[in-house]
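Structure file work_11.cif with mmCIF, C-alpha atoms:
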data_structure
loop_
_atom_site.label_atom_id
_atom_site.label_comp_id
_atom_site.auth_asym_id
_atom_site.auth_seq_id
_atom_site.Cartn_x
_atom_site.Cartn_y
_atom_site.Cartn_z
CA MET A 1 -37.26 -24.73 67.35
CA ASN A 2 -38.77 -21.79 65.58
CA PRO A 3 -42.54 -21.24 65.13
CA GLU A 4 -42.43 -22.46 61.56
CA GLU A 5 -40.80 -25.72 62.61
CA GLN A 6 -43.36 -26.16 65.39
CA LEU A 7 -46.20 -25.82 62.93
CA LYS A 8 -44.49 -28.27 60.57
CA VAL A 9 -44.38 -30.86 63.34
CA GLN A 10 -48.09 -30.35 63.87
CA ALA A 11 -48.79 -30.53 60.12
CA LEU A 12 -46.86 -33.81 60.02
CA LEU A 13 -49.14 -35.22 62.72
CA ASP A 14 -52.24 -34.06 60.85
CA GLY A 15 -51.11 -35.44 57.51
CA GLU A 16 -51.12 -31.98 55.96
CA LEU A 17 -47.61 -32.04 54.52
CA PRO A 18 -46.69 -33.10 51.00
CA GLU A 19 -45.12 -36.55 50.95
CA ARG A 20 -41.52 -35.44 50.45
CA GLU A 21 -41.70 -32.77 53.15
CA ALA A 22 -43.42 -35.18 55.51
CA ARG A 23 -40.50 -37.60 55.14
CA GLU A 24 -38.01 -34.83 55.89
CA ILE A 25 -39.83 -33.61 59.00
CA LEU A 26 -40.33 -37.15 60.26
CA SER A 27 -36.65 -37.81 59.87
CA TRP A 28 -35.86 -34.58 61.71
CA THR A 29 -38.17 -35.45 64.65
CA GLN A 30 -36.29 -38.75 64.98
CA ARG A 31 -33.01 -36.89 65.37
CA ASP A 32 -34.13 -33.89 67.44
CA SER A 33 -35.33 -34.60 70.97
CA ALA A 34 -37.27 -31.32 71.30
CA ALA A 35 -39.12 -32.00 68.06
CA ALA A 36 -39.76 -35.58 69.17
CA GLY A 37 -41.12 -34.36 72.53
CA LEU A 38 -43.41 -31.88 70.84
CA LEU A 39 -44.70 -34.49 68.40
CA ALA A 40 -45.42 -36.86 71.31
CA GLU A 41 -47.30 -34.18 73.24
CA LEU A 42 -49.42 -33.23 70.26
CA LYS A 43 -50.16 -36.90 69.62
CA ASN A 44 -51.24 -37.48 73.22
CA THR A 45 -53.56 -34.49 73.17
CA ARG A 46 -55.12 -35.57 69.91
CA GLN A 47 -55.59 -39.09 71.25
CA ALA A 48 -57.19 -37.83 74.46
CA LEU A 49 -59.65 -35.69 72.51
CA ALA A 50 -60.48 -38.57 70.18
CA GLN A 51 -61.31 -40.77 73.16
CA SER A 52 -63.61 -38.25 74.72
CA GLY A 53 -65.57 -36.44 72.07
CA PRO A 54 -68.25 -34.27 73.64
CA ARG A 55 -71.36 -36.36 74.28
CA ALA A 56 -73.88 -34.08 75.88
CA GLY A 57 -77.57 -34.94 75.74
CA LEU A 58 -80.15 -32.27 74.97
CA PRO A 59 -81.60 -31.16 78.31
CA GLU A 60 -85.18 -31.04 76.95
CA SER A 61 -87.74 -33.72 76.25
CA ARG A 62 -88.33 -34.86 72.69
CA GLU A 63 -91.89 -33.51 72.71
CA PHE A 64 -90.98 -30.09 74.07
CA PHE A 65 -88.01 -29.61 71.77
CA TRP A 66 -89.99 -30.73 68.72
CA SER A 67 -93.00 -28.57 69.61
CA LYS A 68 -90.78 -25.48 69.47
CA ILE A 69 -89.34 -26.46 66.12
CA GLU A 70 -92.75 -27.31 64.69
CA ARG A 71 -94.22 -24.03 65.90
CA GLU A 72 -91.37 -22.08 64.35
CA ILE A 73 -91.70 -23.91 61.03
CA GLN A 74 -95.41 -23.17 60.94
CA ARG A 75 -94.83 -19.55 61.91
CA LEU A 76 -92.34 -19.07 59.09
CA GLU A 77 -94.30 -21.01 56.49
CA PRO A 78 -97.95 -20.74 57.49
CA GLN A 79 -99.29 -21.22 54.00
CA VAL A 80 -96.75 -23.60 52.60
CA THR A 81 -96.13 -25.95 55.49
CA PRO A 82 -97.07 -29.13 53.73
CA ARG A 83 -99.00 -31.85 55.43
CA PRO A 84 -98.24 -35.53 55.23
CA LYS A 85 -99.26 -37.05 51.92
CA ALA A 86 -102.79 -38.48 52.12
CA SER A 87 -103.19 -42.23 51.91
CA LEU A 88 -105.59 -43.88 49.44
CA ALA A 89 -108.07 -44.48 52.25
CA ALA A 90 -107.91 -40.81 53.17
CA VAL A 91 -108.55 -39.78 49.55
CA LEU A 92 -111.54 -42.12 49.41
CA ARG A 93 -112.85 -40.73 52.67
CA ARG A 94 -112.35 -37.18 51.44
CA TRP A 95 -114.07 -37.45 48.06
CA PHE A 96 -116.36 -40.43 48.09
CA LEU A 97 -118.07 -39.91 51.42
CA PRO A 98 -119.41 -36.44 50.53
CA ALA A 99 -120.44 -37.71 47.09
CA ALA A 100 -122.24 -40.64 48.65
CA ALA A 101 -123.96 -38.33 51.13
CA VAL A 102 -125.19 -36.05 48.33
CA GLY A 103 -126.43 -39.08 46.39
CA LEU A 104 -128.30 -40.37 49.39
CA ALA A 105 -129.87 -36.97 49.98
CA ILE A 106 -131.07 -36.78 46.38
CA ALA A 107 -132.47 -40.30 46.58
CA GLY A 108 -134.24 -39.40 49.83
CA VAL A 109 -135.87 -36.31 48.34
CA ALA A 110 -136.94 -38.28 45.26
CA ALA A 111 -138.40 -41.04 47.42
CA TYR A 112 -140.27 -38.45 49.49
CA PHE A 113 -141.94 -36.86 46.47
CA HIS A 114 -142.53 -40.22 44.83
CA GLY A 115 -144.31 -41.37 48.01
CA ARG A 116 -146.57 -38.29 47.88
CA THR A 117 -147.74 -39.13 44.33
CA ALA A 118 -150.20 -41.98 44.64
CA PRO A 119 -150.39 -44.36 41.72
CA VAL A 120 -153.37 -43.90 39.38
CA GLU A 121 -154.66 -47.38 40.16
CA ALA A 122 -154.75 -46.63 43.89
CA LEU A 123 -156.72 -43.41 43.33
CA MET A 124 -159.10 -45.19 41.03
CA ASP A 125 -159.59 -47.93 43.60
CA ALA A 126 -160.49 -45.24 46.11
CA GLY A 127 -163.10 -43.94 43.70
CA ALA A 128 -161.53 -40.51 43.17
CA PRO A 129 -161.74 -38.91 39.77
CA VAL A 130 -158.55 -39.18 37.78
CA VAL A 131 -157.14 -37.08 34.99
CA GLU A 132 -154.61 -38.83 32.81
CA THR A 133 -152.55 -37.58 29.93
CA MET A 134 -152.56 -40.30 27.39
CA LEU A 135 -151.36 -40.69 23.87
CA ALA A 136 -148.98 -37.79 24.09
CA ASP A 137 -148.36 -37.80 20.40
CA ALA A 138 -152.07 -37.45 19.80
CA ASP A 139 -152.37 -34.73 22.51
CA ALA A 140 -155.23 -36.58 24.21
CA THR A 141 -156.32 -36.13 27.85
CA ILE A 142 -158.67 -38.52 29.60
CA TYR A 143 -160.93 -37.71 32.57
CA ARG A 144 -162.27 -40.80 34.28
CA ASP A 145 -164.69 -40.87 37.20
CA VAL A 146 -165.32 -44.42 38.41
CA ARG A 147 -168.12 -43.43 40.79
CA GLU A 148 -170.02 -41.57 38.12
CA GLY A 149 -169.11 -44.14 35.51
CA THR A 150 -167.93 -41.35 33.24
CA THR A 151 -164.93 -41.13 30.97
CA LEU A 152 -164.15 -38.01 29.00
CA VAL A 153 -161.45 -37.76 26.37
CA TRP A 154 -160.07 -34.39 25.21
CA PHE A 155 -157.98 -33.91 22.17
CA SER A 156 -155.75 -30.86 22.29
CA PRO A 157 -156.26 -27.95 19.82
CA ALA A 158 -155.31 -28.76 16.30
CA ALA A 159 -155.48 -27.12 12.96
CA ALA A 160 -158.88 -25.62 12.21
CA GLY A 161 -161.20 -27.94 10.43
CA ASP A 162 -159.60 -31.08 11.75
CA PRO A 163 -162.52 -32.87 13.37
CA VAL A 164 -160.39 -35.48 15.01
CA ARG A 165 -158.23 -32.96 16.84
CA ASN A 166 -161.06 -30.60 17.71
CA PRO A 167 -161.15 -30.14 21.47
CA LYS A 168 -164.76 -31.02 21.95
CA PRO A 169 -165.35 -33.49 24.73
CA ASN A 170 -166.85 -36.77 23.54
CA ALA A 171 -168.73 -38.86 26.01
CA VAL A 172 -167.88 -42.53 25.95
CA ASN A 173 -170.01 -44.69 28.14
CA MET B 1 -94.44 -45.37 56.17
CA ASN B 2 -93.11 -46.54 59.52
CA HIS B 3 -90.92 -43.62 60.53
CA SER B 4 -89.10 -45.26 63.39
CA SER B 5 -87.85 -48.12 61.22
CA ALA B 6 -87.06 -46.04 58.11
CA ASP B 7 -83.47 -45.02 57.40
CA ASP B 8 -82.38 -41.37 57.26
CA GLU B 9 -82.44 -41.30 53.49
CA ALA B 10 -86.07 -42.40 53.33
CA LEU B 11 -87.01 -39.94 56.06
CA VAL B 12 -85.30 -37.08 54.26
CA LYS B 13 -87.15 -38.00 51.06
CA ALA B 14 -90.47 -38.05 52.90
CA ALA B 15 -89.70 -34.80 54.72
CA ARG B 16 -88.89 -33.15 51.40
CA GLN B 17 -92.42 -34.00 50.29
CA GLY B 18 -93.77 -32.27 53.35
CA ASP B 19 -93.95 -35.11 55.84
CA LEU B 20 -93.36 -33.29 59.14
CA ALA B 21 -93.55 -36.55 61.09
CA ALA B 22 -90.58 -37.86 59.10
CA PHE B 23 -88.65 -34.71 59.94
CA GLU B 24 -89.57 -35.09 63.60
CA GLU B 25 -88.02 -38.56 63.54
CA LEU B 26 -84.80 -37.09 62.09
CA VAL B 27 -84.77 -34.48 64.84
CA PHE B 28 -85.26 -37.19 67.44
CA ARG B 29 -82.36 -39.23 66.06
CA HIS B 30 -79.78 -36.46 65.74
CA ARG B 31 -80.83 -33.81 68.24
CA ASP B 32 -78.29 -34.89 70.88
CA SER B 33 -75.28 -34.84 68.56
CA LEU B 34 -76.25 -31.44 67.17
CA TYR B 35 -76.74 -30.06 70.64
CA ALA B 36 -73.40 -31.52 71.76
CA ARG B 37 -71.64 -29.81 68.88
CA ALA B 38 -73.32 -26.49 69.64
CA LEU B 39 -72.42 -26.85 73.30
CA SER B 40 -68.78 -27.66 72.55
CA LEU B 41 -68.51 -24.46 70.52
CA THR B 42 -70.56 -22.06 72.62
CA ARG B 43 -70.01 -23.51 76.12
CA HIS B 44 -73.44 -22.21 77.04
CA GLU B 45 -76.29 -24.64 77.60
CA GLN B 46 -79.23 -22.40 76.67
CA ASP B 47 -77.43 -20.92 73.66
CA ALA B 48 -76.67 -24.45 72.50
CA VAL B 49 -80.34 -25.46 72.82
CA ASP B 50 -81.50 -22.35 70.95
CA LEU B 51 -78.89 -22.67 68.22
CA SER B 52 -79.55 -26.35 67.64
CA GLN B 53 -83.28 -25.59 67.46
CA GLU B 54 -82.59 -22.84 64.92
CA ALA B 55 -80.44 -25.27 62.95
CA TRP B 56 -83.33 -27.74 62.70
CA VAL B 57 -85.68 -25.04 61.44
CA LYS B 58 -83.10 -24.00 58.84
CA GLY B 59 -82.59 -27.64 57.96
CA TRP B 60 -86.31 -27.98 57.21
CA GLN B 61 -86.28 -24.84 55.08
CA ARG B 62 -83.23 -25.97 53.13
CA LEU B 63 -84.14 -29.63 52.69
CA ALA B 64 -84.48 -29.13 48.94
CA GLN B 65 -80.80 -28.14 48.84
CA PHE B 66 -79.66 -31.36 50.48
CA GLN B 67 -78.51 -33.53 47.61
CA GLY B 68 -77.16 -36.40 49.65
CA GLU B 69 -73.43 -35.80 48.96
CA SER B 70 -72.85 -36.26 52.67
CA ARG B 71 -74.79 -37.96 55.44
CA PHE B 72 -77.81 -36.02 56.63
CA ALA B 73 -76.32 -35.76 60.14
CA THR B 74 -73.10 -34.28 58.71
CA TRP B 75 -75.10 -31.77 56.66
CA MET B 76 -77.09 -30.74 59.72
CA THR B 77 -73.91 -30.46 61.79
CA ARG B 78 -72.49 -28.02 59.26
CA ILE B 79 -75.60 -25.89 59.63
CA VAL B 80 -75.33 -25.78 63.42
CA ILE B 81 -71.60 -25.04 63.23
CA ASN B 82 -72.23 -22.06 60.96
CA LEU B 83 -74.92 -20.77 63.27
CA CYS B 84 -72.60 -21.14 66.26
CA LEU B 85 -69.80 -19.30 64.45
CA ASP B 86 -72.17 -16.44 63.61
CA HIS B 87 -73.26 -16.39 67.22
CA LEU B 88 -69.66 -16.29 68.47
CA ARG B 89 -68.81 -13.50 66.03
CA ARG B 90 -71.75 -11.46 67.31
CA GLN B 91 -70.56 -12.06 70.86
CA LYS B 92 -67.01 -11.10 70.01
CA ARG B 93 -68.18 -7.68 68.82
CA HIS B 94 -69.43 -7.06 72.34
CA ARG B 95 -66.48 -8.63 74.09
CA THR B 96 -63.32 -6.89 75.21
CA ASP B 97 -60.38 -9.21 74.74
CA SER B 98 -58.07 -9.58 77.69
CA ILE B 99 -54.34 -8.98 77.21
CA GLU B 100 -53.78 -12.71 77.48
CA GLU B 101 -56.36 -13.40 74.79
CA LEU B 102 -54.77 -10.85 72.49
CA GLU B 103 -51.42 -12.51 73.07
CA GLU B 104 -52.96 -15.90 72.33
CA GLU B 105 -54.44 -14.55 69.15
CA ARG B 106 -51.01 -13.44 68.01
CA GLY B 107 -49.74 -16.94 68.74
CA GLY B 108 -46.88 -15.91 71.00
CA VAL B 109 -47.80 -17.72 74.22
CA GLU B 110 -47.48 -21.30 73.08
CA ARG B 111 -43.83 -20.87 72.12
CA HIS B 112 -42.90 -20.51 75.75
CA MET B 113 -44.87 -23.46 77.06
CA PRO B 114 -42.82 -26.40 78.29
CA VAL B 115 -43.51 -29.65 76.50
CA VAL B 116 -45.65 -32.08 78.53
CA ASN B 117 -43.65 -35.27 78.46
CA LEU B 118 -46.12 -37.67 80.04
CA ASN B 119 -49.49 -38.52 78.64
CA PRO B 120 -51.68 -36.51 81.03
CA THR B 121 -54.75 -38.60 80.42
CA ALA B 122 -53.25 -42.08 80.61
CA GLY B 123 -55.07 -44.35 83.03
CA LEU B 124 -58.07 -42.10 83.45
CA GLU B 125 -61.58 -43.50 83.33
CA ARG B 126 -63.50 -42.43 80.25
CA ALA B 127 -66.01 -40.37 82.22
CA GLU B 128 -63.23 -38.68 84.19
CA LEU B 129 -61.26 -38.01 81.01
CA ARG B 130 -64.33 -36.50 79.39
CA LYS B 131 -64.89 -34.26 82.39
CA LYS B 132 -61.31 -33.02 82.40
CA ILE B 133 -61.25 -32.38 78.69
CA ASP B 134 -64.57 -30.61 78.89
CA ALA B 135 -63.24 -28.35 81.61
CA ALA B 136 -60.07 -27.66 79.63
CA LEU B 137 -62.05 -26.86 76.48
CA GLY B 138 -63.99 -24.35 78.53
CA GLN B 139 -60.79 -22.48 79.30
CA LEU B 140 -59.88 -21.91 75.67
CA THR B 141 -60.99 -18.80 73.84
CA PRO B 142 -63.88 -19.36 71.38
CA GLU B 143 -61.50 -18.91 68.44
CA HIS B 144 -59.08 -21.61 69.59
CA ARG B 145 -61.83 -23.93 70.77
CA THR B 146 -63.61 -23.64 67.43
CA VAL B 147 -60.58 -24.66 65.42
CA LEU B 148 -59.81 -27.51 67.79
CA VAL B 149 -63.40 -28.82 67.76
CA LEU B 150 -63.68 -28.61 63.99
CA HIS B 151 -60.38 -30.42 63.52
CA GLU B 152 -60.67 -33.08 66.20
CA PHE B 153 -64.40 -33.76 66.30
CA GLU B 154 -65.51 -32.90 62.79
CA ASP B 155 -62.41 -34.24 61.05
CA MET B 156 -62.05 -31.10 58.99
CA ASP B 157 -58.69 -30.40 57.38
CA TYR B 158 -56.93 -27.04 57.61
CA LYS B 159 -58.39 -25.79 54.35
CA ALA B 160 -61.98 -26.67 55.29
CA ILE B 161 -61.58 -25.01 58.68
CA ALA B 162 -60.16 -21.86 57.09
CA LYS B 163 -63.12 -21.72 54.73
CA THR B 164 -65.68 -22.37 57.48
CA VAL B 165 -64.21 -19.94 59.98
CA GLY B 166 -63.22 -17.36 57.38
CA CYS B 167 -59.51 -17.01 58.15
CA SER B 168 -56.16 -17.90 56.58
CA LEU B 169 -54.51 -21.33 56.66
CA GLY B 170 -51.72 -19.87 58.78
CA THR B 171 -54.20 -18.65 61.37
CA VAL B 172 -55.86 -22.09 61.48
CA MET B 173 -52.49 -23.79 62.03
CA SER B 174 -51.47 -21.29 64.67
CA ARG B 175 -54.76 -21.49 66.58
CA LEU B 176 -54.82 -25.26 66.42
CA TYR B 177 -51.27 -25.44 67.69
CA TYR B 178 -51.99 -23.10 70.57
CA ALA B 179 -55.22 -24.89 71.46
CA ARG B 180 -53.51 -28.28 71.58
CA ARG B 181 -50.62 -27.07 73.64
CA LYS B 182 -52.88 -25.27 76.07
CA MET B 183 -55.04 -28.38 76.37
CA ALA B 184 -51.97 -30.47 77.14
CA ALA B 185 -50.91 -28.02 79.85
CA LEU B 186 -54.39 -27.82 81.37
CA LEU B 187 -54.81 -31.59 81.40
CA ALA B 188 -51.39 -32.03 82.99
CA SER B 189 -52.17 -29.52 85.73
CA ALA B 190 -55.60 -31.09 86.30
CA ARG B 191 -53.91 -34.44 86.76
CA GLU B 192 -51.41 -32.98 89.25
CA GLU B 193 -54.26 -31.43 91.25
CA SER B 194 -56.14 -34.69 91.45
#

Let me see whether you can do it: turn the structure in this file into structure tokens.
Amino acid sequence: MNPEEQLKVQALLDGELPEREAREILSWTQRDSAAAGLLAELKNTRQALAQSGPRAGLPESREFFWSKIEREIQRLEPQVTPRPKASLAAVLRRWFLPAAAVGLAIAGVAAYFHGRTAPVEALMDAGAPVVETMLADADATIYRDVREGTTLVWFSPAAAGDPVRNPKPNAVN
Amino acid sequence: MNHSSADDEALVKAARQGDLAAFEELVFRHRDSLYARALSLTRHEQDAVDLSQEAWVKGWQRLAQFQGESRFATWMTRIVINLCLDHLRRQKRHRTDSIEELEEERGGVERHMPVVNLNPTAGLERAELRKKIDAALGQLTPEHRTVLVLHEFEDMDYKAIAKTVGCSLGTVMSRLYYARRKMAALLASAREES
């Protein structure tokens, strides 16, 4: 058997021959004992390998092996290594919690300053003099002193000669 | 998404969108088979660990290129095979071939080998068979072992092997023939010894 014939026997086993040639070689192996012996040996070897494919397990723990891969990925792609997609809850936590915190802070500051401004009625009850801006359209300001029993009304400056809008205090008792 | 119950396709989709946890699950599922393939080609435990790790990193980087024409595991196996072949080529540059290896490369040795008439592995326990085959694979040159592994374990045809390895069809056929015949002889002698 020459080298070419040997390789043809192997190609027959591997299904690599065209149909017509495969029939010819098969027929030849049935007539020639050396060819038949070679075909049988090649078949046995192939069968043995098929039965025992390499099945080695990685000799490292899952965590250790993965940590090396993860580190390498992050080293190679530090800026583009994407993170897992955020869930809806995570989005809410990310955007709404800070917004709510800012809102609460604003409300707190407003409440603080509002608390420092005593209502007019409370001041009047305490007998303190009160200045009120009233009748904004008419530019009038009222000074009222409960203890003294005095109320003064100012009208803001107006065109000259307008007696109504002249800023002269008028006593009203 | 529950990663452990998701199929590979869903995990690949999630990993493509940047879900590293999904990719970790894929690594967990296929790490052993990738390592086994690297080990069968390199015959060196630490090299096989390093090369399979490198393959996973490359897999992550090239996820966008995976179009699903083959199974994810098959696609990853191709990556590790290519890395192993590059590794073996680099090693070969630094290796001085023995006279026997040069003779093997020319394909002259196998012509003189007697045909093994009996099935040398018949009646062996699976574990014992695996051990013997593993030992015999270790005695082949990287070139012959590569062709044998790609053909027998990866179901590649001659043309695909030639393309992967970067050699002619004739060389693939010759190396495969030699590798098989040498395996048969090694298994037969191992059986005689035991």

Selection result for the PyMOL selection byres ((chain A) within 10 of (chain B)) on this file, as JSON, numbers by chain: {"A": [1, 2, 3, 4, 6, 7, 8, 9, 10, 11, 14, 15, 16, 34, 35, 37, 38, 39, 40, 41, 42, 43, 44, 45, 46, 47, 48, 49, 50, 51, 52, 53, 54, 55, 56, 57, 58, 59, 60, 61, 62, 63, 65, 66, 67, 68, 69, 70, 71, 72, 73, 74, 76, 77, 80, 81, 82, 83, 84, 85]}

Calculate how many Å separate atom CA of Thr141 of chain B from atom CA of Glu193 of chain B, rounding to one decimal. 22.5 Å

Report as a ChimeraX atom specification the residues that result from applying the PyMOL selection byres ((chain B and resi 75) around 12) to the structure here. /B:12,30,34,55-56,58-60,62-63,65-74,76-82,154

Point-to-point distance from atom CA of Met1 of chain B to atom CA of Ala64 of chain B, Å rounded to tenths: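 The value is 20.4 Å.
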
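Of note, atom CA of Ile142 of chain A and atom CA of Val109 of chain A are spaced 29.6 Å apart.
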
Edge lengths and centre in Å, axis-aligned, segment 177-194 of chain B plus 6 Å each side, as AutoDock Vina command-line options:
--center_x -53.4 --center_y -28.9 --center_z 79.6 --size_x 17.5 --size_y 23.6 --size_z 35.8
